[in-house]
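query22.cif follows; it contains mmCIF, C-alpha atoms.
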data_target
#
loop_
_atom_site.label_atom_id
_atom_site.label_comp_id
_atom_site.auth_asym_id
_atom_site.auth_seq_id
_atom_site.Cartn_x
_atom_site.Cartn_y
_atom_site.Cartn_z
CA MET A 20 -6.83 -5.17 -276.33
CA LYS A 21 -6.67 -1.40 -276.46
CA ARG A 22 -3.58 0.31 -275.16
CA ARG A 23 -5.76 3.10 -273.77
CA ALA A 24 -7.68 0.62 -271.64
CA LEU A 25 -4.53 -0.95 -270.28
CA VAL A 26 -3.01 2.42 -269.39
CA ALA A 27 -6.22 3.49 -267.65
CA MET A 28 -6.36 0.26 -265.67
CA ALA A 29 -2.71 0.55 -264.67
CA LEU A 30 -3.26 4.10 -263.48
CA ALA A 31 -6.35 3.00 -261.57
CA VAL A 32 -4.25 0.38 -259.80
CA LEU A 33 -1.75 3.04 -258.80
CA ALA A 34 -4.25 5.51 -257.38
CA PRO A 35 -8.04 5.50 -257.03
CA GLY A 36 -9.63 7.63 -259.75
CA ALA A 37 -6.44 8.02 -261.80
CA GLY A 38 -7.81 5.82 -264.56
CA HIS A 39 -10.97 7.88 -264.82
CA PHE A 40 -8.88 11.06 -264.85
CA TYR A 41 -6.88 9.64 -267.77
CA LEU A 42 -10.10 8.82 -269.61
CA GLY A 43 -11.29 12.41 -269.29
CA ARG A 44 -13.79 11.98 -266.45
CA ARG A 45 -12.04 14.35 -264.14
CA ALA A 46 -14.83 15.37 -261.78
CA ARG A 47 -15.80 11.76 -261.27
CA ALA A 48 -12.15 10.82 -260.78
CA LEU A 49 -11.77 13.40 -258.03
CA ALA A 50 -14.92 12.14 -256.32
CA PHE A 51 -13.72 8.53 -256.48
CA PHE A 52 -10.33 9.50 -255.11
CA LEU A 53 -11.92 11.33 -252.19
CA ILE A 54 -14.34 8.51 -251.41
CA VAL A 55 -11.82 5.67 -251.57
CA GLY A 56 -9.15 7.76 -249.84
CA THR A 57 -11.56 8.70 -247.06
CA MET A 58 -12.54 5.08 -246.55
CA PHE A 59 -8.93 3.94 -246.44
CA ALA A 60 -7.69 6.75 -244.18
CA THR A 61 -10.64 6.36 -241.82
CA GLY A 62 -10.00 2.63 -241.58
CA LEU A 63 -6.41 3.14 -240.53
CA SER A 64 -7.19 6.04 -238.21
CA ILE A 65 -9.64 4.04 -236.10
CA ASP A 66 -7.13 1.33 -235.20
CA GLY A 67 -7.81 -0.86 -238.20
CA THR A 68 -5.09 -2.88 -239.90
CA LEU A 69 -4.51 -4.17 -243.38
CA TYR A 70 -5.04 -7.79 -244.34
CA THR A 71 -1.81 -9.36 -245.55
CA VAL A 72 -1.09 -12.65 -247.27
CA ALA A 73 1.66 -13.38 -244.75
CA GLY A 74 -0.76 -12.86 -241.89
CA SER A 75 -3.49 -15.02 -243.36
CA GLY A 76 -2.20 -18.18 -241.68
CA GLY A 77 -2.79 -20.23 -244.81
CA GLN A 78 -6.56 -19.79 -244.64
CA ILE A 79 -8.46 -19.01 -247.80
CA LEU A 80 -10.77 -16.23 -246.55
CA PRO A 81 -8.02 -14.05 -245.04
CA ARG A 82 -6.05 -14.54 -248.27
CA LEU A 83 -8.99 -13.33 -250.30
CA ALA A 84 -9.37 -10.40 -247.93
CA ALA A 85 -5.69 -9.58 -248.41
CA LEU A 86 -6.12 -9.62 -252.19
CA ALA A 87 -9.16 -7.38 -251.89
CA SER A 88 -7.29 -4.96 -249.65
CA MET A 89 -4.44 -4.84 -252.17
CA GLY A 90 -6.97 -3.38 -254.61
CA SER A 91 -6.25 -0.01 -253.04
CA GLY A 92 -2.97 -0.04 -254.95
CA LEU A 93 -0.36 2.39 -253.74
CA LEU A 94 -2.49 3.32 -250.74
CA TYR A 95 -2.24 -0.26 -249.50
CA PHE A 96 1.53 -0.47 -249.84
CA ALA A 97 1.99 2.99 -248.36
CA GLY A 98 -0.11 1.85 -245.42
CA LEU A 99 2.04 -1.23 -245.00
CA PHE A 100 5.24 0.78 -245.35
CA PHE A 101 4.31 3.43 -242.81
CA GLY A 102 2.70 0.90 -240.51
CA SER A 103 -1.02 0.74 -240.00
CA GLY A 104 -0.60 0.60 -236.23
CA GLY A 105 -3.93 -0.99 -235.49
CA SER A 106 -4.76 -2.64 -232.21
CA ILE A 107 -6.90 -5.71 -231.89
CA TRP A 108 -7.96 -4.52 -228.44
CA SER A 109 -9.60 -1.42 -229.87
CA ALA A 110 -13.38 -1.34 -230.07
CA THR A 111 -13.19 -0.14 -233.67
CA TYR A 112 -10.58 -2.64 -234.87
CA GLU A 113 -13.00 -4.64 -237.02
CA TYR A 114 -14.62 -1.45 -238.29
CA GLY A 115 -11.23 -0.24 -239.45
CA ARG A 116 -10.46 -3.47 -241.24
CA THR A 117 -13.84 -3.33 -242.93
CA PHE A 118 -13.19 0.23 -244.09
CA THR A 119 -9.80 -0.64 -245.62
CA LEU A 120 -11.15 -3.83 -247.15
CA THR A 121 -14.06 -1.96 -248.72
CA ALA A 122 -11.72 0.71 -250.08
CA GLY A 123 -9.74 -2.02 -251.85
CA LEU A 124 -12.87 -3.60 -253.30
CA MET A 125 -14.10 -0.21 -254.49
CA ASN A 126 -10.86 0.41 -256.33
CA LEU A 127 -11.07 -3.01 -257.96
CA LEU A 128 -14.48 -2.00 -259.28
CA LEU A 129 -12.98 1.25 -260.55
CA ILE A 130 -10.30 -0.71 -262.43
CA LEU A 131 -12.98 -2.77 -264.14
CA ASP A 132 -14.99 0.37 -264.86
CA CYS A 133 -11.95 1.87 -266.60
CA TRP A 134 -11.82 -1.18 -268.84
CA ASP A 135 -15.49 -0.78 -269.76
CA LEU A 136 -15.18 2.96 -270.35
CA ALA A 137 -12.08 2.66 -272.52
CA ASN A 138 -13.67 -0.06 -274.64
CA GLY A 139 -16.94 1.81 -275.02
CA ALA A 140 -18.99 -0.77 -273.17
CA LEU A 141 -20.77 1.88 -271.12
CA ALA A 142 -22.84 4.83 -272.18
CA THR A 143 -20.72 7.95 -272.12
CA GLU A 144 -23.55 10.44 -272.31
CA PRO A 145 -26.77 10.89 -270.43
CA VAL A 146 -29.73 8.97 -271.81
CA ASP A 147 -31.57 12.13 -272.86
CA ALA A 148 -28.70 13.32 -275.02
CA GLN A 149 -28.41 9.92 -276.69
CA GLU A 150 -32.09 9.82 -277.47
CA LYS A 151 -32.01 13.32 -278.97
CA GLU A 152 -29.03 12.38 -281.10
CA SER A 153 -30.58 9.15 -282.33
CA SER A 154 -33.88 10.88 -283.22
CA ALA A 155 -31.99 13.62 -285.09
CA SER A 156 -30.01 11.06 -287.10
CA ARG A 157 -33.20 9.11 -287.79
CA ASP A 158 -34.85 12.25 -289.15
CA ALA A 159 -31.86 12.95 -291.36
CA GLU A 160 -32.08 9.46 -292.90
CA ILE A 161 -35.71 9.90 -294.09
CA PRO A 162 -35.61 10.86 -297.80
CA ALA A 163 -37.69 13.74 -299.04
CA THR A 164 -40.57 12.41 -301.17
CA GLU A 165 -41.34 15.66 -302.91
CA PRO A 166 -39.07 18.46 -303.99
CA ALA A 167 -39.41 21.56 -301.94
CA ARG A 168 -41.49 24.34 -303.45
CA PRO A 169 -41.38 28.02 -302.67
CA PHE A 170 -44.10 28.95 -300.23
CA ASP A 171 -45.49 31.97 -302.10
CA GLU A 172 -45.07 30.71 -305.62
CA PRO A 173 -48.18 31.60 -307.60
CA GLY A 174 -49.86 28.74 -309.39
CA GLU A 175 -51.14 28.67 -312.95
CA PRO A 176 -54.19 30.87 -313.40
CA PRO A 177 -57.37 28.92 -314.19
CA ALA A 178 -58.28 28.90 -317.87
CA MET B 16 -13.79 8.78 -233.93
CA LYS B 17 -15.03 5.88 -231.87
CA SER B 18 -18.78 6.26 -232.24
CA HIS B 19 -20.20 3.19 -233.93
CA LEU B 20 -23.19 5.16 -235.20
CA ALA B 21 -20.97 7.84 -236.75
CA LEU B 22 -18.80 5.18 -238.38
CA MET B 23 -21.86 3.43 -239.74
CA PHE B 24 -23.13 6.75 -241.09
CA LEU B 25 -19.79 7.47 -242.78
CA TYR B 26 -19.58 3.97 -244.24
CA ALA B 27 -23.12 4.14 -245.61
CA ALA B 28 -22.59 7.63 -247.06
CA CYS B 29 -19.30 6.73 -248.76
CA THR B 30 -20.64 3.47 -250.17
CA ALA B 31 -23.84 5.09 -251.41
CA ALA B 32 -21.96 7.97 -253.05
CA PHE B 33 -19.53 5.55 -254.69
CA PHE B 34 -22.18 3.36 -256.28
CA ALA B 35 -24.38 6.30 -257.23
CA LEU B 36 -21.45 7.82 -259.13
CA LEU B 37 -20.41 4.51 -260.63
CA TRP B 38 -23.75 3.22 -261.79
CA ARG B 39 -25.74 6.33 -262.73
CA ASP B 40 -25.02 9.19 -265.13
CA GLU B 41 -27.87 11.62 -264.50
CA ARG B 42 -28.05 13.78 -261.42
CA ARG B 43 -31.61 12.83 -260.48
CA GLU B 44 -30.88 9.14 -260.87
CA ARG B 45 -27.73 9.52 -258.80
CA VAL B 46 -29.58 11.19 -255.95
CA ARG B 47 -32.22 8.48 -256.04
CA MET B 48 -29.62 5.71 -256.04
CA PHE B 49 -27.72 7.41 -253.22
CA LEU B 50 -30.82 7.63 -251.05
CA ILE B 51 -31.80 4.02 -251.73
CA ILE B 52 -28.38 2.61 -250.84
CA PHE B 53 -27.83 4.94 -247.90
CA CYS B 54 -31.20 4.21 -246.34
CA SER B 55 -30.78 0.49 -246.96
CA LEU B 56 -27.43 0.44 -245.18
CA PHE B 57 -27.99 2.96 -242.40
CA LEU B 58 -31.65 2.68 -241.54
CA GLY B 59 -31.68 -1.03 -242.40
CA ALA B 60 -28.87 -1.72 -239.96
CA ILE B 61 -30.69 0.18 -237.22
CA ALA B 62 -33.88 -1.74 -237.92
CA ILE B 63 -32.13 -5.11 -237.92
CA GLY B 64 -30.24 -4.19 -234.76
CA TRP B 65 -33.50 -3.19 -233.09
CA ALA B 66 -35.08 -6.50 -234.05
CA MET B 67 -32.08 -8.48 -232.82
CA TYR B 68 -32.20 -6.63 -229.52
CA GLY B 69 -35.78 -7.78 -229.05
CA TRP B 70 -34.90 -11.40 -229.75
CA ALA B 71 -31.88 -11.39 -227.48
CA ARG B 72 -33.86 -10.59 -224.32
#
Write the structure described by the file as structure tokens, please.
Amino acid sequence: MKRRALVAMALAVLAPGAGHFYLGRRARALAFFLIVGTMFATGLSIDGTLYTVAGSGGQILPRLAALASMGSGLLYFAGLFFGSGGSIWSATYEYGRTFTLTAGLMNLLLILDCWDLANGALATEPVDAQEKESSASRDAEIPATEPARPFDEPGEPPA
Amino acid sequence: MKSHLALMFLYAACTAAFFALLWRDERRERVRMFLIIFCSLFLGAIAIGWAMYGWAR
């Protein structure tokens, strides 16, 4: 297990996109942070609440939803700490819960993506660049069959 | 923001952007993936809702 992968995954748990930032994908990390943060903040702002294990009532699906929501990392615990303040009577209550749940699931995917990136399981360059590089290395491996001759070297005059 | 349509639009846009960035590396492929997921979520939900409205009457 690579230490780099573990650090990236730990950072991704703390904040969405932090793992990608650590791995050098800074633009993508910023985009992920904005997307997951927008989903989470929107969910709480429209009277949604966070799934909790304590509030699951011993049922399996709410427990799984709580685990998925915890995927948001620090955002989740900050939301719990400051109070999500949702109201079940609001028309957008379920929308809000869906937004926060999806934000958690997205961050779980980002954590797994950090693992793949750090271990080299995913392509790190666009396909075109890889193809150019592989064709260039293939050309370099072909041995020259004849020694190079000067272009304007005069040949032997006919006898 | 209480509009269900606006929330559905935001949800579809965020989800489509997320998976386009996660799964594709090239810009053209990302745009294509974004449009596919966005249209599937947003327009698909409207189409299914329209069909369900017809059945409910």
Problem set entry | Interface residues on chain B facing chain A, 10 Å, all atoms listed in the file, written as a ChimeraX atom specification | /B:16-19,22-23,25-26,28-30,32-34,36-42
How would the residues just chosen look if you wrote them out with C-alpha atoms as a JSON list (two decimals), in the frame of the given file?
[["chain", "number", "residue", "atom", "x", "y", "z"],
["B", 16, "MET", "CA", -13.79, 8.78, -233.93],
["B", 17, "LYS", "CA", -15.03, 5.88, -231.87],
["B", 18, "SER", "CA", -18.78, 6.26, -232.24],
["B", 19, "HIS", "CA", -20.20, 3.19, -233.93],
["B", 22, "LEU", "CA", -18.80, 5.18, -238.38],
["B", 23, "MET", "CA", -21.86, 3.43, -239.74],
["B", 25, "LEU", "CA", -19.79, 7.47, -242.78],
["B", 26, "TYR", "CA", -19.58, 3.97, -244.24],
["B", 28, "ALA", "CA", -22.59, 7.63, -247.06],
["B", 29, "CYS", "CA", -19.30, 6.73, -248.76],
["B", 30, "THR", "CA", -20.64, 3.47, -250.17],
["B", 32, "ALA", "CA", -21.96, 7.97, -253.05],
["B", 33, "PHE", "CA", -19.53, 5.55, -254.69],
["B", 34, "PHE", "CA", -22.18, 3.36, -256.28],
["B", 36, "LEU", "CA", -21.45, 7.82, -259.13],
["B", 37, "LEU", "CA", -20.41, 4.51, -260.63],
["B", 38, "TRP", "CA", -23.75, 3.22, -261.79],
["B", 39, "ARG", "CA", -25.74, 6.33, -262.73],
["B", 40, "ASP", "CA", -25.02, 9.19, -265.13],
["B", 41, "GLU", "CA", -27.87, 11.62, -264.50],
["B", 42, "ARG", "CA", -28.05, 13.78, -261.42]]
For this session: Tell me, in Å to one decimal, how far atom CA of A:Thr68 is from atom CA of A:Phe101.
Result: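 These two atoms are separated by 11.7 Å.
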For this session: Skip A:Lys21 itself and residues of its chain fewer than 6 positions away, then list as a PyMOL selection string all residues within 10 Å of it, counting only C-alpha atoms.
Result: chain A and resi 134+137-138
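For the pair atom CA of B:Leu56 and atom CA of A:Leu83, the interatomic distance is 23.6 Å.
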For this session: Report the distance between atom CA of B:Gly69 and atom CA of A:Tyr112 in Å, rounded to one decimal place.
Result: 26.4 Å
Exercise. What's the 8 Å shell around stretch 24-33 of chain A, counting all atoms listed in the file, without same-chain residues fewer than 6 positions away, as number ranges by chain?
Worked result: A: 39, 41-42, 90-93, 126-127, 129-131, 133-134, 136-138
Exercise. Evaluating the PyMOL selection byres ((chain B and resi 48-54) around 7) on the displayed file yields which residues, as a list in words?
Worked result: Ala27, Ala28, Ala31, Ala32, Ala35, Glu44, Arg45, Val46, Arg47, Ser55, Leu56, Phe57, Leu58 and Gly59 of chain B
For the residues in that selection, give me C-alpha atoms as a PDB file, keeping the file's coordinate frame.
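Here's the written file part14.pdb:
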ATOM      1  CA  ALA B  27     -23.120   4.140-245.610  1.00  0.00           C
ATOM      2  CA  ALA B  28     -22.590   7.630-247.060  1.00  0.00           C
ATOM      3  CA  ALA B  31     -23.840   5.090-251.410  1.00  0.00           C
ATOM      4  CA  ALA B  32     -21.960   7.970-253.050  1.00  0.00           C
ATOM      5  CA  ALA B  35     -24.380   6.300-257.230  1.00  0.00           C
ATOM      6  CA  GLU B  44     -30.880   9.140-260.870  1.00  0.00           C
ATOM      7  CA  ARG B  45     -27.730   9.520-258.800  1.00  0.00           C
ATOM      8  CA  VAL B  46     -29.580  11.190-255.950  1.00  0.00           C
ATOM      9  CA  ARG B  47     -32.220   8.480-256.040  1.00  0.00           C
ATOM     10  CA  SER B  55     -30.780   0.490-246.960  1.00  0.00           C
ATOM     11  CA  LEU B  56     -27.430   0.440-245.180  1.00  0.00           C
ATOM     12  CA  PHE B  57     -27.990   2.960-242.400  1.00  0.00           C
ATOM     13  CA  LEU B  58     -31.650   2.680-241.540  1.00  0.00           C
ATOM     14  CA  GLY B  59     -31.680  -1.030-242.400  1.00  0.00           C
TER      15      GLY B  59
END
For this session: Pick out the residues sitting within 12 Å of A:Gly102, and hand them over as a VMD selection string; count only C-alpha atoms, and ignore anything fewer than 5 positions along from it in its own chain.
Result: chain A and resid 63 to 64 66 to 69 94 to 97
